[in-house]
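Scroll down for the structure; my scribbles are underneath it.
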Amino acid sequence: MKYMLLLLAFLIIGTMPQHAQTPRPEVKILMEIRPEVNYVTHLYTLAGLGFSDSLYAAKYGNTLPQAAIDTLQKYKAYLTFGQGEGGMLAGPFFFGVSSENIPNVDSMQVVMNVVMNEGKKANAPADVIAAVRTIANVYVENYDAYLKNIYPQVRADMEERRQLLSQWMQEQSFVKEWECVTGYTWRRGDYHWLLYRAGQKGPSYNNLNDSTNTVWYNQDIDYQLAMFSHEFGIFLMQDSIDPIVEEMKTYTRKLDSERDLTYAPWSAFESLACWYNCKIAGQKTADYHAFGEADVQTFCRIFDRLSNEGISDPAELYRKGIMEYLK
């Protein structure tokens with residue numbers, strides 16, 4: 001029956017007048033200021049969970065009780081993340097909370113209840129469940145005071161920057177340029193940047209879902225614009241490359257080598273984004289110079305060679321690039 005219906009649909013469509021395809025709506029790059037990601041980076045910065053910001057700490061350091069800081073520090077190994085790896089609770093407590101719409105403390109409690117229930121359903125060990133409960137209490141107990149006393153100031157700090165970046169984004173064409181150099185098409189609607197005020201030094205660019213990224217609000221403008229393009233490229237290539245990333249993580253963990261090569265899958269992906277970004281700009285962009293820990297120069301030489309051999313698909317470049325690098 002299913003195939004008969006498909007055939008019928010095909011026949012009907014085939015006999016209908018053919019019209020030009022509706023052009024795809026222009027992708028909008030949206031600069032937004034929301035409380036959730038600012039609250040999470042507030043906690044991560046003041047508790048020293050991989051983020052630091054001396055100016056922010058001087059201004060807001062006494063707004064979080066010492067007991068809350070001590071609790072978050074106690075579970076630091078669970079909460080920190082970076083270079084594609086993270087503690088087991090970074091997912092819900094950084095990325096999960098940041099990506100939600102949480103307008104008040106009651107909503108925060110609902111989110112924390114979901115986190116608790118998911119942990120129980122997954123049969124997490126008792127010590128992990130206890131950690132989740134304790135961390136969740138910190139998130140709930142301090143959110144109301146943050147919304148009332150801190151976020152209005154933080155939002156005001158960032159508003160001018162948001163307007164400036166929104167203007168800059170109207171002049172950028174990197175969506176079309178990335179589609180051209182990769183052969184991929186962006187199909188996820190509008191692209192969102194969430195600005196946050198805390199955490200000048202930390203893992204600034206974090207993917208919260210398929211079309212939303214975070215960034216510390218006041219970085220150098222040239223670097224920020226280069227990274228906006230870089231991160232869009234990461235998102236655009238993700239569907240085809242993410243499965244290979246996981247495959248390569250498993251592969252590198254099994255290698256018998258004196259060097260720790262488990263960083264290579266992350267490095268190769270960031271380097272591939274830099275490589276394409278340089279092609280789009282026609283020069284070495286700010287991200288190329290900023291990812292020294294990813295060994296971008298070596299990977300880019302490999303990608304140049306593979307490209308000259310006729311390899312153009314980003315996923316194939318990524319896979320073969322890693323294997324060349326591991327030699």
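Each chain in the structure tokens gets a letter, A, B and so on, in the order shown; residues start at 1 in every chain, and ligands are counted from 1 in the order they appear.
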Mind checking DSSP for stretch 2-183 of chain A and telling me the helix (DSSP H, G or I) residues as a PyMOL selection string?
chain A and resi 2-15+35-46+54-63+66-74+76-79+90-99+105-121+126-141+143-149+151-170+174-182
Those residues you just picked out, can you put them in a file as a compact mmCIF listing (two decimals), in the first residue's frame with C-alpha atoms?
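Full text of out03.txt as output:
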# COMPACT_ATOMS: atom_id res chain seq x y z
CA LYS A 2 2.82 2.42 0.89
CA TYR A 3 4.46 1.96 -2.48
CA MET A 4 1.14 2.37 -4.30
CA LEU A 5 0.59 5.69 -2.54
CA LEU A 6 4.09 6.85 -3.45
CA LEU A 7 3.53 5.87 -7.09
CA LEU A 8 0.18 7.69 -7.13
CA ALA A 9 1.81 10.81 -5.66
CA PHE A 10 4.55 10.64 -8.28
CA LEU A 11 2.03 10.33 -11.12
CA ILE A 12 -0.06 13.23 -9.81
CA ILE A 13 2.99 15.46 -9.40
CA GLY A 14 4.23 14.45 -12.84
CA THR A 15 1.02 15.63 -14.50
CA PRO A 35 19.85 35.10 30.87
CA GLU A 36 20.44 31.34 30.79
CA VAL A 37 23.90 31.23 29.21
CA ASN A 38 24.90 34.28 31.24
CA TYR A 39 23.86 32.56 34.46
CA VAL A 40 25.79 29.41 33.62
CA THR A 41 28.97 31.31 32.71
CA HIS A 42 28.47 33.42 35.86
CA LEU A 43 28.62 30.22 37.94
CA TYR A 44 31.45 28.70 35.91
CA THR A 45 33.53 31.89 36.14
CA LEU A 46 33.09 32.60 39.84
CA SER A 54 39.26 39.19 36.57
CA LEU A 55 37.11 42.23 35.75
CA TYR A 56 33.91 40.27 36.16
CA ALA A 57 35.08 38.66 39.39
CA ALA A 58 36.01 42.07 40.82
CA LYS A 59 32.54 43.39 39.99
CA TYR A 60 30.38 40.38 40.85
CA GLY A 61 32.60 38.07 42.90
CA ASN A 62 30.71 38.65 46.16
CA THR A 63 27.31 37.84 44.64
CA GLN A 66 31.04 30.78 49.28
CA ALA A 67 29.12 27.59 50.02
CA ALA A 68 27.86 27.54 46.42
CA ILE A 69 31.39 28.11 45.08
CA ASP A 70 32.72 25.30 47.29
CA THR A 71 30.04 22.92 46.05
CA LEU A 72 30.75 23.62 42.38
CA GLN A 73 34.49 23.34 42.99
CA LYS A 74 33.96 19.98 44.68
CA LYS A 76 34.80 20.45 39.08
CA ALA A 77 35.89 17.25 37.33
CA TYR A 78 32.25 16.53 36.48
CA LEU A 79 31.52 20.02 35.14
CA ALA A 90 28.91 19.31 31.63
CA GLY A 91 26.19 18.27 29.18
CA PRO A 92 23.17 19.03 31.38
CA PHE A 93 24.64 21.74 33.59
CA PHE A 94 26.47 23.84 31.00
CA PHE A 95 25.07 23.03 27.57
CA GLY A 96 21.60 21.91 28.65
CA VAL A 97 20.81 24.87 30.89
CA SER A 98 22.39 27.38 28.47
CA SER A 99 20.19 26.18 25.61
CA VAL A 105 13.43 30.11 39.37
CA ASP A 106 10.36 27.87 39.03
CA SER A 107 11.37 27.09 35.46
CA MET A 108 14.91 26.35 36.65
CA GLN A 109 13.49 23.87 39.15
CA VAL A 110 11.56 22.14 36.37
CA VAL A 111 14.75 21.82 34.29
CA MET A 112 16.65 20.43 37.27
CA ASN A 113 13.87 17.91 37.92
CA VAL A 114 14.24 16.69 34.33
CA VAL A 115 18.00 16.32 34.80
CA MET A 116 17.43 14.30 37.99
CA ASN A 117 14.86 12.05 36.33
CA GLU A 118 17.10 11.41 33.34
CA GLY A 119 19.91 10.38 35.67
CA LYS A 120 17.67 7.94 37.47
CA LYS A 121 16.33 6.49 34.21
CA ALA A 126 24.46 6.75 43.52
CA ASP A 127 27.42 9.14 43.84
CA VAL A 128 26.60 10.71 40.48
CA ILE A 129 22.93 11.11 41.42
CA ALA A 130 24.04 12.75 44.68
CA ALA A 131 26.30 15.13 42.73
CA VAL A 132 23.48 16.02 40.34
CA ARG A 133 21.14 16.78 43.25
CA THR A 134 23.71 18.96 45.03
CA ILE A 135 24.70 20.90 41.90
CA ALA A 136 21.03 21.33 40.96
CA ASN A 137 20.36 22.92 44.35
CA VAL A 138 23.07 25.51 43.67
CA TYR A 139 21.53 26.32 40.29
CA VAL A 140 18.04 26.74 41.72
CA GLU A 141 18.90 28.55 44.96
CA TYR A 143 18.96 31.94 40.09
CA ASP A 144 16.36 34.35 41.45
CA ALA A 145 19.01 36.66 42.95
CA TYR A 146 20.95 36.56 39.68
CA LEU A 147 17.92 37.55 37.61
CA LYS A 148 17.02 40.42 39.95
CA ASN A 149 20.40 41.84 40.93
CA TYR A 151 21.48 40.13 34.89
CA PRO A 152 20.01 43.63 34.30
CA GLN A 153 23.52 45.12 34.69
CA VAL A 154 25.08 42.39 32.59
CA ARG A 155 22.54 42.91 29.82
CA ALA A 156 23.22 46.65 29.80
CA ASP A 157 26.98 45.97 29.54
CA MET A 158 26.41 43.91 26.38
CA GLU A 159 23.69 45.82 24.55
CA GLU A 160 26.00 48.19 22.66
CA ARG A 161 28.16 45.27 21.56
CA ARG A 162 25.11 43.33 20.39
CA GLN A 163 24.04 46.23 18.19
CA LEU A 164 27.54 46.61 16.72
CA LEU A 165 27.81 42.90 15.90
CA SER A 166 24.33 42.87 14.40
CA GLN A 167 25.41 45.66 12.04
CA TRP A 168 28.59 43.80 11.12
CA MET A 169 26.64 40.62 10.39
CA GLN A 170 24.46 42.40 7.84
CA PHE A 174 29.95 33.80 4.80
CA VAL A 175 26.85 31.56 4.64
CA LYS A 176 26.93 31.54 0.83
CA GLU A 177 30.73 31.42 0.78
CA TRP A 178 30.84 28.36 3.02
CA GLU A 179 28.18 26.62 0.95
CA CYS A 180 30.23 27.34 -2.16
CA VAL A 181 33.58 26.00 -0.89
CA THR A 182 32.14 22.88 0.80
Surrounding residues of A:Lys279 excluding itself and chain neighbours under 3 positions, 12 Å, only C-alpha atoms, as a tab-separated table (two decimals) with all heavy atoms, in the first residue's frame:
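Contents of result-v4.tsv, freshly written:
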chain	number	residue	atom	x	y	z
A	174	PHE	N	29.23	35.06	4.64
A	174	PHE	CA	29.95	33.80	4.80
A	174	PHE	C	29.06	32.57	4.68
A	174	PHE	O	29.54	31.47	4.43
A	174	PHE	CB	30.76	33.76	6.11
A	174	PHE	CG	29.97	33.92	7.37
A	174	PHE	CD1	29.17	32.92	7.85
A	174	PHE	CD2	30.09	35.09	8.12
A	174	PHE	CE1	28.47	33.06	9.03
A	174	PHE	CE2	29.40	35.24	9.31
A	174	PHE	CZ	28.58	34.22	9.76
A	177	GLU	N	29.33	31.77	1.09
A	177	GLU	CA	30.73	31.42	0.78
A	177	GLU	C	31.07	30.03	1.29
A	177	GLU	O	31.75	29.26	0.62
A	177	GLU	CB	31.65	32.47	1.39
A	177	GLU	CG	31.54	33.83	0.68
A	177	GLU	CD	32.14	34.97	1.48
A	177	GLU	OE1	32.37	34.80	2.70
A	177	GLU	OE2	32.38	36.04	0.89
A	178	TRP	N	30.60	29.69	2.47
A	178	TRP	CA	30.84	28.36	3.02
A	178	TRP	C	30.12	27.29	2.19
A	178	TRP	O	30.67	26.21	1.95
A	178	TRP	CB	30.41	28.29	4.48
A	178	TRP	CG	31.51	28.61	5.43
A	178	TRP	CD1	31.76	29.80	6.06
A	178	TRP	CD2	32.52	27.71	5.87
A	178	TRP	NE1	32.87	29.70	6.84
A	178	TRP	CE2	33.37	28.43	6.76
A	178	TRP	CE3	32.83	26.38	5.61
A	178	TRP	CZ2	34.47	27.85	7.38
A	178	TRP	CZ3	33.93	25.80	6.22
A	178	TRP	CH2	34.74	26.54	7.10
A	180	CYS	N	29.51	27.45	-0.89
A	180	CYS	CA	30.23	27.34	-2.16
A	180	CYS	C	31.49	26.49	-2.02
A	180	CYS	O	31.73	25.59	-2.82
A	180	CYS	CB	30.58	28.74	-2.66
A	180	CYS	SG	31.44	28.76	-4.25
A	181	VAL	N	32.30	26.72	-0.98
A	181	VAL	CA	33.58	26.00	-0.89
A	181	VAL	C	33.40	24.55	-0.43
A	181	VAL	O	34.25	23.70	-0.76
A	181	VAL	CB	34.58	26.72	0.06
A	181	VAL	CG1	34.94	28.08	-0.47
A	181	VAL	CG2	34.08	26.77	1.48
A	182	THR	N	32.33	24.25	0.31
A	182	THR	CA	32.14	22.88	0.80
A	182	THR	C	31.22	22.05	-0.09
A	182	THR	O	31.27	20.82	-0.06
A	182	THR	CB	31.56	22.87	2.22
A	182	THR	OG1	30.26	23.50	2.20
A	182	THR	CG2	32.47	23.59	3.20
A	229	SER	N	32.61	33.10	11.28
A	229	SER	CA	32.67	32.32	10.05
A	229	SER	C	33.15	30.88	10.34
A	229	SER	O	32.56	29.91	9.86
A	229	SER	CB	33.61	32.99	9.05
A	229	SER	OG	33.77	32.20	7.89
A	230	HIS	N	34.19	30.77	11.13
A	230	HIS	CA	34.75	29.47	11.51
A	230	HIS	C	33.68	28.57	12.12
A	230	HIS	O	33.52	27.41	11.73
A	230	HIS	CB	35.88	29.71	12.52
A	230	HIS	CG	36.53	28.48	13.05
A	230	HIS	ND1	37.80	28.08	12.67
A	230	HIS	CD2	36.11	27.55	13.97
A	230	HIS	CE1	38.12	26.97	13.32
A	230	HIS	NE2	37.11	26.63	14.11
A	272	LEU	N	40.33	22.02	9.83
A	272	LEU	CA	39.62	22.02	8.56
A	272	LEU	C	38.78	23.29	8.42
A	272	LEU	O	38.72	23.89	7.33
A	272	LEU	CB	38.73	20.78	8.46
A	272	LEU	CG	38.02	20.56	7.12
A	272	LEU	CD1	39.04	20.37	5.99
A	272	LEU	CD2	37.09	19.35	7.21
A	273	ALA	N	38.15	23.72	9.53
A	273	ALA	CA	37.39	24.97	9.51
A	273	ALA	C	38.32	26.16	9.23
A	273	ALA	O	37.96	27.07	8.47
A	273	ALA	CB	36.64	25.16	10.82
A	274	CYS	N	39.50	26.15	9.84
A	274	CYS	CA	40.47	27.22	9.56
A	274	CYS	C	40.90	27.20	8.10
A	274	CYS	O	41.03	28.26	7.46
A	274	CYS	CB	41.70	27.05	10.46
A	274	CYS	SG	41.44	27.35	12.22
A	275	TRP	N	41.14	26.02	7.57
A	275	TRP	CA	41.61	25.87	6.19
A	275	TRP	C	40.59	26.45	5.22
A	275	TRP	O	40.94	27.23	4.32
A	275	TRP	CB	41.85	24.38	5.91
A	275	TRP	CG	42.43	24.08	4.56
A	275	TRP	CD1	43.72	24.30	4.14
A	275	TRP	CD2	41.75	23.46	3.46
A	275	TRP	NE1	43.88	23.87	2.84
A	275	TRP	CE2	42.69	23.34	2.40
A	275	TRP	CE3	40.46	22.99	3.27
A	275	TRP	CZ2	42.37	22.78	1.17
A	275	TRP	CZ3	40.13	22.43	2.05
A	275	TRP	CH2	41.07	22.33	1.01
A	276	TYR	N	39.32	26.08	5.40
A	276	TYR	CA	38.27	26.63	4.54
A	276	TYR	C	38.11	28.13	4.75
A	276	TYR	O	37.87	28.88	3.80
A	276	TYR	CB	36.94	25.92	4.80
A	276	TYR	CG	36.77	24.63	4.06
A	276	TYR	CD1	36.56	23.43	4.74
A	276	TYR	CD2	36.79	24.59	2.67
A	276	TYR	CE1	36.38	22.23	4.07
A	276	TYR	CE2	36.60	23.39	1.98
A	276	TYR	CZ	36.40	22.22	2.69
A	276	TYR	OH	36.23	21.04	2.00
A	282	GLY	N	40.80	34.43	1.38
A	282	GLY	CA	41.94	34.66	0.51
A	282	GLY	C	43.21	35.01	1.26
A	282	GLY	O	44.15	35.58	0.68
A	283	GLN	N	43.25	34.68	2.55
A	283	GLN	CA	44.43	34.98	3.37
A	283	GLN	C	44.32	34.16	4.67
A	283	GLN	O	43.30	33.55	4.95
A	283	GLN	CB	44.47	36.46	3.72
A	283	GLN	CG	43.26	36.94	4.50
A	283	GLN	CD	43.29	38.43	4.76
A	283	GLN	OE1	44.32	39.06	4.64
A	283	GLN	NE2	42.15	38.99	5.14
A	284	LYS	N	45.39	34.18	5.44
A	284	LYS	CA	45.36	33.49	6.74
A	284	LYS	C	44.52	34.32	7.71
A	284	LYS	O	44.87	35.45	8.03
A	284	LYS	CB	46.78	33.27	7.27
A	284	LYS	CG	47.53	32.18	6.50
A	284	LYS	CD	48.88	31.91	7.09
A	284	LYS	CE	49.51	30.67	6.48
A	284	LYS	NZ	49.69	30.77	5.02
A	285	THR	N	43.45	33.75	8.17
A	285	THR	CA	42.50	34.45	9.03
A	285	THR	C	42.90	34.33	10.50
A	285	THR	O	43.78	33.55	10.86
A	285	THR	CB	41.09	33.88	8.83
A	285	THR	OG1	41.14	32.45	8.83
A	285	THR	CG2	40.50	34.34	7.50
A	288	TYR	N	43.14	30.93	12.17
A	288	TYR	CA	44.32	30.14	11.79
A	288	TYR	C	45.47	30.36	12.78
A	288	TYR	O	46.17	29.43	13.17
A	288	TYR	CB	44.75	30.54	10.38
A	288	TYR	CG	46.01	29.84	9.88
A	288	TYR	CD1	45.92	28.65	9.15
A	288	TYR	CD2	47.27	30.38	10.11
A	288	TYR	CE1	47.06	28.02	8.69
A	288	TYR	CE2	48.42	29.75	9.65
A	288	TYR	CZ	48.31	28.57	8.94
A	288	TYR	OH	49.44	27.94	8.48
A	300	CYS	N	46.77	21.97	7.89
A	300	CYS	CA	46.47	22.72	6.67
A	300	CYS	C	47.39	22.33	5.52
A	300	CYS	O	46.97	22.30	4.36
A	300	CYS	CB	46.53	24.22	6.94
A	300	CYS	SG	45.08	24.85	7.83
A	303	PHE	N	45.84	19.18	4.25
A	303	PHE	CA	44.63	19.44	3.46
A	303	PHE	C	44.97	20.05	2.10
A	303	PHE	O	44.31	19.74	1.11
A	303	PHE	CB	43.69	20.38	4.24
A	303	PHE	CG	43.14	19.79	5.51
A	303	PHE	CD1	43.00	20.56	6.67
A	303	PHE	CD2	42.75	18.46	5.57
A	303	PHE	CE1	42.49	20.02	7.83
A	303	PHE	CE2	42.24	17.90	6.74
A	303	PHE	CZ	42.11	18.69	7.88
A	304	ASP	N	46.00	20.90	2.05
A	304	ASP	CA	46.45	21.45	0.77
A	304	ASP	C	46.86	20.33	-0.18
A	304	ASP	O	46.48	20.32	-1.36
A	304	ASP	CB	47.63	22.40	0.98
A	304	ASP	CG	47.21	23.80	1.42
A	304	ASP	OD1	46.07	24.19	1.14
A	304	ASP	OD2	48.03	24.49	2.06
A	307	SER	N	43.86	18.24	-1.27
A	307	SER	CA	43.05	19.00	-2.21
A	307	SER	C	43.68	19.02	-3.59
A	307	SER	O	42.99	18.88	-4.61
A	307	SER	CB	42.86	20.44	-1.69
A	307	SER	OG	42.14	21.23	-2.61
One decimal place gives the atom CA of A:Ala294-atom CA of A:Ser271 separation as 6.9 Å
From stretch 162-260 of chain A, collect each residue whose DSSP state is strand (DSSP E or B) and return the set as a short mmCIF file (atom, residue, chain, number, x, y, z; two decimals) with N, CA and C atoms, in the first residue's frame.
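Listing of part26.cif after writing:
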data_model
loop_
_atom_site.label_atom_id
_atom_site.label_comp_id
_atom_site.auth_asym_id
_atom_site.auth_seq_id
_atom_site.Cartn_x
_atom_site.Cartn_y
_atom_site.Cartn_z
N TYR A 191 20.48 31.42 12.21
CA TYR A 191 21.66 31.04 12.98
C TYR A 191 21.80 32.02 14.15
N HIS A 192 21.95 31.50 15.34
CA HIS A 192 21.88 32.33 16.55
C HIS A 192 23.23 32.39 17.27
N TRP A 193 23.59 33.61 17.69
CA TRP A 193 24.72 33.81 18.58
C TRP A 193 24.20 34.34 19.91
N LEU A 194 24.52 33.66 21.00
CA LEU A 194 24.17 34.12 22.34
C LEU A 194 25.41 34.73 23.00
N LEU A 195 25.34 36.01 23.31
CA LEU A 195 26.46 36.69 23.94
C LEU A 195 26.41 36.49 25.45
N TYR A 196 27.59 36.32 26.07
CA TYR A 196 27.63 36.25 27.53
C TYR A 196 28.72 37.18 28.06
N LYS A 201 38.28 34.48 29.66
CA LYS A 201 39.20 33.39 29.31
C LYS A 201 38.50 32.07 29.58
N ASN A 207 28.71 25.03 21.06
CA ASN A 207 27.50 24.70 20.32
C ASN A 207 26.43 24.21 21.28
N THR A 212 22.76 27.13 17.23
CA THR A 212 22.98 28.15 18.26
C THR A 212 24.37 28.00 18.87
N ASN A 213 25.07 29.12 18.96
CA ASN A 213 26.42 29.12 19.49
C ASN A 213 26.54 30.23 20.54
N THR A 214 27.56 30.13 21.37
CA THR A 214 27.78 31.13 22.41
C THR A 214 29.12 31.82 22.18
N VAL A 215 29.25 33.03 22.72
CA VAL A 215 30.53 33.74 22.58
C VAL A 215 30.64 34.80 23.67
N TRP A 216 31.84 34.93 24.22
CA TRP A 216 32.10 36.03 25.14
C TRP A 216 31.96 37.33 24.36
#
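With distances restricted to only C-alpha atoms, A:Leu255 is the closest residue to A:Lys327 from A:Ala286, A:Val296, A:Leu255, A:Leu225.
Atom CA of A:Tyr205 is found 19.6 Å from atom CA of A:Gly189.
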Computed interatomic separation between atom CA of A:Asn209 and atom CA of A:Met323 (Å):
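Computed distance, atom CA of A:Asn209 to atom CA of A:Met323, equals 28.7 Å.
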Tell me, counting only C-alpha atoms, for each residue of stretch 128-226 of chain A within 12 Å of stretch 239-248 of chain A, which pair of atoms is nearest and how far apart they are in Å to one decimal, in rows ordered by chain and increasing number, as CSV.
residue,atom,partner,partner_atom,distance
A:Thr182,CA,A:Ser240,CA,11.3
A:Gly183,CA,A:Ser240,CA,11.9
A:Tyr184,CA,A:Ser240,CA,9.7
A:Thr185,CA,A:Asp239,CA,11.2
A:Trp186,CA,A:Asp239,CA,10.8
A:Arg187,CA,A:Asp239,CA,11.1
A:Arg188,CA,A:Asp239,CA,11.5
A:Asp210,CA,A:Asp239,CA,9.5
Looking at only C-alpha atoms, which of A:Pro203, A:Arg319, A:Phe235, A:Pro314 is the one that sits closest to A:Glu85?
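Going through A:Pro203, A:Arg319, A:Phe235, A:Pro314 one by one, the smallest distance to A:Glu85 is for A:Pro203.
Minimum distance to A:Asn277 across A:Ile311, A:Leu64, A:Ala124, A:Ile234 (counting only C-alpha atoms) occurs at A:Ile234.
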